[in-house]
Amino acid sequence: MEASPSRGAAWNEARAILWRHRRALALGLPLMLLARAGWLVLPAAPGWLIDEVIGRGRHHLLVPLALAVGAAALTQAVASVALARVVGVAAQRAITDTRLRLQARVIRLPARYFAGTPSGALLSRIMNDPEGLRNLVGGGMLDLVGSGVTAVVAAGVLLYLDWRLTLACLLGLGVFGLGLRAAFQRLRPLYARRGELQAQVTARLNETLGGIALVKAYGAEGRERRAFARGAHGLLRNAAASLTGAAAATAFAHLAFGAVAVLIVLLGGGAIARGTMTVGELVTFVSFAALLMAPVTDVAALSTQLSEAFAGLDRIRQLMAAPTEDDEDRGALPVPRLRGDVAFENVWFAYGDGEPVLRGVSFHAPAGTTTALVGASGSGKSTLASLVMAFHRPRSGRLTVDGFDLAELRLREYRAQLGVVLQENFLFDGTVAQNIRFARPDATRPEVERVARAAHADGFVRRLPDGYDTVVGERGIRLSGGQRQRIAIARALLADPRILVLDEATSALDSESEAMIQEALHRLRRGRTTFVIAHRLSTIRGADQILVLDEGRIVERGTHAGLMLLGGVYRTLHDRQHAAEADRFVNPGEECVSESA
């Protein structure tokens, strides 16, 4: 039967992995054969002992026979230990190499891939799927080869002793082989499904732990416990089905071996009664028959392990086949030092198959100018900024930088000239200096401190227990929101970008901090093309142009003064926000009454 494309691809991936570790496997092969050779000596000894030493009185052969058995056992033990060491290290190296390949592949996937795939699921696939290689490289294939060699040699000896009895035994094992193939085909989809369930459960648990403050704030512990329980019980049902299939294969093996034993008793006993076989030959036949059946038992166990390994390889292949940004960059143009002249030309964009988020957007942001994006939530501001950052591509229309179509430029080189402060600022679990230096790992400490001062972060950083060497915790949990934001701004400034994107860059700051940051950003925006997204309209009065978006369209554009005179959407947003802020300061007592109520 012809292999399915998925199965063929998994086999190709398996062959590629085995080839990468061919040296260790080549060393393991003679060790495996040496260990199996010891196995072949041991079952021959009882027959010699019964027929030659005891039956014919050749007692002088007793000591040499015992030494041969001891040497075979020692050889088998030493070779087995060496084999386990060689293939064990090779398996661990294969797992590590595959994890590195997957991680390198995943971080180069386009941003749109992450929008539809939970990070916990990707984490599970990187860490768990390669584990199956332990059964593939760590002796799995070598054991199959060794089992085959042992079975062939044992079958040859058995045919020499009694070909009729041997053919009867092989017929029983052939029936078992057909049953084993059917079990293998049933188990593989179960293991594939287990990997998917594992990824889903890991993803949900990762989200729960990442948002534990929100979970506790809304008393959602019970809901999350039930959601995790549903996933865990799904894994349990899958494991139960897998174990049932494996147990059925083992039970079928026992039945096949029982049938072989019945044939040996009937036919072998009859041969002894007729005088065509000695007792020693029958004992040797039974020993080698056991040696023939033992590899078959190994194959039954290995089929379960290899089913799991190939299911993991299927998922690994799918992830490795996903196109990356490097694939998209092939044939793209190199990026020179940019001036930062950005233009949108009738750009339309939608996420997936959804409704358009941007509808025919056109504007020009000359190099060195500041463009502010204003509008209600969902109007398309962040989407427009994500197109500037090349996280997504326009569905139609063009986005040009210095006259080059951004879709034709190398993303890595373009983003090297891009500075970003996102609305959800992210800090790594490292020191303050490491988080600032993330934009440019080779930056010196004086350069780090300089941009920190420019972002008005130096003061609070020096008051931390270890200053710039203070560990900020996961996602910067040991810092306040405003402190995290200033670290993020310092990081963007260190990149010395030609194009700067500030997505709610001052949203987490109080009024005093915001004033300091606005002053620093005003100074540092000179010579850079800057895109600013801000709900607080007071922060963008100095922008060279303000674009007002509504349902994905630019409905107004101009300076702050011009838009105020126009008296349209911008003026309405401004007056509404100004009135809300004024009411908060003029009537603070009402807020207190409302709070006490």
# chains A, B, ... in the order shown; residues from 1 in each chain; ligands from 1

call {"tool": "residues_around", "arguments": {"residues": "segment 498-502 of chain A", "least_positions_apart": "6", "cutoff": "7 Å", "atoms": "only C-alpha atoms", "output": "ChimeraX atom specification"}}
result
/A:338-340,385,417-422,528-533

call {"tool": "residues_around", "arguments": {"residues": "segment 342-355 of chain A", "least_positions_apart": "2", "cutoff": "8 Å", "atoms": "only C-alpha atoms", "output": "compact mmCIF listing (two decimals) with N, CA and C atoms, in the first residue's frame"}}
result
# COMPACT_ATOMS: atom_id res chain seq x y z
N GLY A 340 13.40 57.79 5.73
CA GLY A 340 12.17 57.63 6.50
C GLY A 340 10.96 58.26 5.85
N VAL A 357 -10.20 46.20 7.71
CA VAL A 357 -9.90 47.06 8.86
C VAL A 357 -9.40 48.42 8.36
N LEU A 358 -8.69 48.42 7.25
CA LEU A 358 -8.28 49.66 6.58
C LEU A 358 -8.91 49.67 5.20
N ARG A 359 -9.48 50.82 4.82
CA ARG A 359 -10.22 50.92 3.57
C ARG A 359 -9.70 52.10 2.75
N GLY A 360 -8.84 51.78 1.79
CA GLY A 360 -8.37 52.81 0.86
C GLY A 360 -7.61 53.93 1.53
N VAL A 361 -6.69 53.61 2.45
CA VAL A 361 -5.93 54.63 3.19
C VAL A 361 -4.80 55.16 2.33
N SER A 362 -4.72 56.47 2.20
CA SER A 362 -3.65 57.12 1.45
C SER A 362 -3.18 58.35 2.23
N PHE A 363 -1.88 58.47 2.45
CA PHE A 363 -1.29 59.68 3.05
C PHE A 363 0.22 59.62 2.86
N HIS A 364 0.85 60.73 3.11
CA HIS A 364 2.30 60.85 2.96
C HIS A 364 2.87 61.40 4.25
N ALA A 365 3.90 60.70 4.78
CA ALA A 365 4.61 61.16 5.98
C ALA A 365 6.04 61.47 5.57
N PRO A 366 6.36 62.73 5.29
CA PRO A 366 7.71 63.07 4.86
C PRO A 366 8.75 62.70 5.92
N ALA A 367 9.97 62.47 5.47
CA ALA A 367 11.05 62.09 6.37
C ALA A 367 11.22 63.15 7.46
N ARG A 393 1.06 42.62 5.67
CA ARG A 393 1.17 43.17 4.33
C ARG A 393 -0.20 43.70 3.89
N PRO A 394 -0.25 44.78 3.14
CA PRO A 394 -1.53 45.24 2.60
C PRO A 394 -2.16 44.19 1.70
N ARG A 395 -3.50 44.11 1.75
CA ARG A 395 -4.20 43.23 0.82
C ARG A 395 -4.16 43.81 -0.59
N SER A 396 -4.25 45.10 -0.66
CA SER A 396 -4.12 45.79 -1.94
C SER A 396 -3.58 47.19 -1.67
N GLY A 397 -3.11 47.83 -2.71
CA GLY A 397 -2.45 49.12 -2.52
C GLY A 397 -0.98 48.93 -2.18
N ARG A 398 -0.28 50.04 -1.93
CA ARG A 398 1.16 49.98 -1.66
C ARG A 398 1.51 50.81 -0.45
N LEU A 399 2.54 50.33 0.26
CA LEU A 399 3.15 51.09 1.34
C LEU A 399 4.61 51.26 0.96
N THR A 400 5.05 52.50 0.75
CA THR A 400 6.42 52.73 0.29
C THR A 400 7.23 53.44 1.37
N VAL A 401 8.51 53.14 1.37
CA VAL A 401 9.48 53.80 2.25
C VAL A 401 10.62 54.30 1.37
N ASP A 402 10.82 55.59 1.35
CA ASP A 402 11.81 56.22 0.47
C ASP A 402 11.60 55.80 -0.98
N GLY A 403 10.35 55.60 -1.37
CA GLY A 403 10.03 55.25 -2.74
C GLY A 403 10.05 53.75 -3.02

call {"tool": "residues_around", "arguments": {"residues": "segment 544-554 of chain A", "least_positions_apart": "6", "cutoff": "6 Å", "atoms": "only C-alpha atoms", "output": "VMD selection string"}}
result
chain A and resid 357 to 359 370 to 375 379 to 380

call {"tool": "write_last_selection", "arguments": {"atoms": "N, CA and C atoms", "output": "compact mmCIF listing (two decimals), in the first residue's frame"}}
result
# COMPACT_ATOMS: atom_id res chain seq x y z
N VAL A 357 -10.20 46.20 7.71
CA VAL A 357 -9.90 47.06 8.86
C VAL A 357 -9.40 48.42 8.36
N LEU A 358 -8.69 48.42 7.25
CA LEU A 358 -8.28 49.66 6.58
C LEU A 358 -8.91 49.67 5.20
N ARG A 359 -9.48 50.82 4.82
CA ARG A 359 -10.22 50.92 3.57
C ARG A 359 -9.70 52.10 2.75
N THR A 370 6.37 64.11 12.19
CA THR A 370 5.58 63.33 13.13
C THR A 370 4.14 63.27 12.65
N THR A 371 3.64 62.04 12.53
CA THR A 371 2.25 61.81 12.12
C THR A 371 1.51 61.18 13.28
N ALA A 372 0.44 61.81 13.73
CA ALA A 372 -0.36 61.29 14.83
C ALA A 372 -1.59 60.61 14.27
N LEU A 373 -1.95 59.48 14.87
CA LEU A 373 -3.12 58.72 14.46
C LEU A 373 -4.16 58.78 15.57
N VAL A 374 -5.35 59.24 15.23
CA VAL A 374 -6.41 59.49 16.21
C VAL A 374 -7.68 58.79 15.74
N GLY A 375 -8.46 58.33 16.70
CA GLY A 375 -9.74 57.71 16.37
C GLY A 375 -10.21 56.83 17.50
N SER A 379 -10.78 51.76 15.12
CA SER A 379 -10.82 52.57 13.90
C SER A 379 -9.70 52.21 12.93
N GLY A 380 -8.66 51.46 13.40
CA GLY A 380 -7.58 51.05 12.50
C GLY A 380 -6.24 51.66 12.81

call {"tool": "atom_distance", "arguments": {"atom1": "atom CA of Leu165 of chain A", "atom2": "atom CA of Gly148 of chain A"}}
result
20.3 Å

call {"tool": "atom_distance", "arguments": {"atom1": "atom CA of Ile487 of chain A", "atom2": "atom CA of Asp503 of chain A"}}
result
14.8 Å

call {"tool": "closest_residue", "arguments": {"among": "A:Arg576, A:Leu292, A:Leu27, A:Gln198", "to": "Ala239 of chain A", "atoms": "only C-alpha atoms"}}
result
A:Gln198
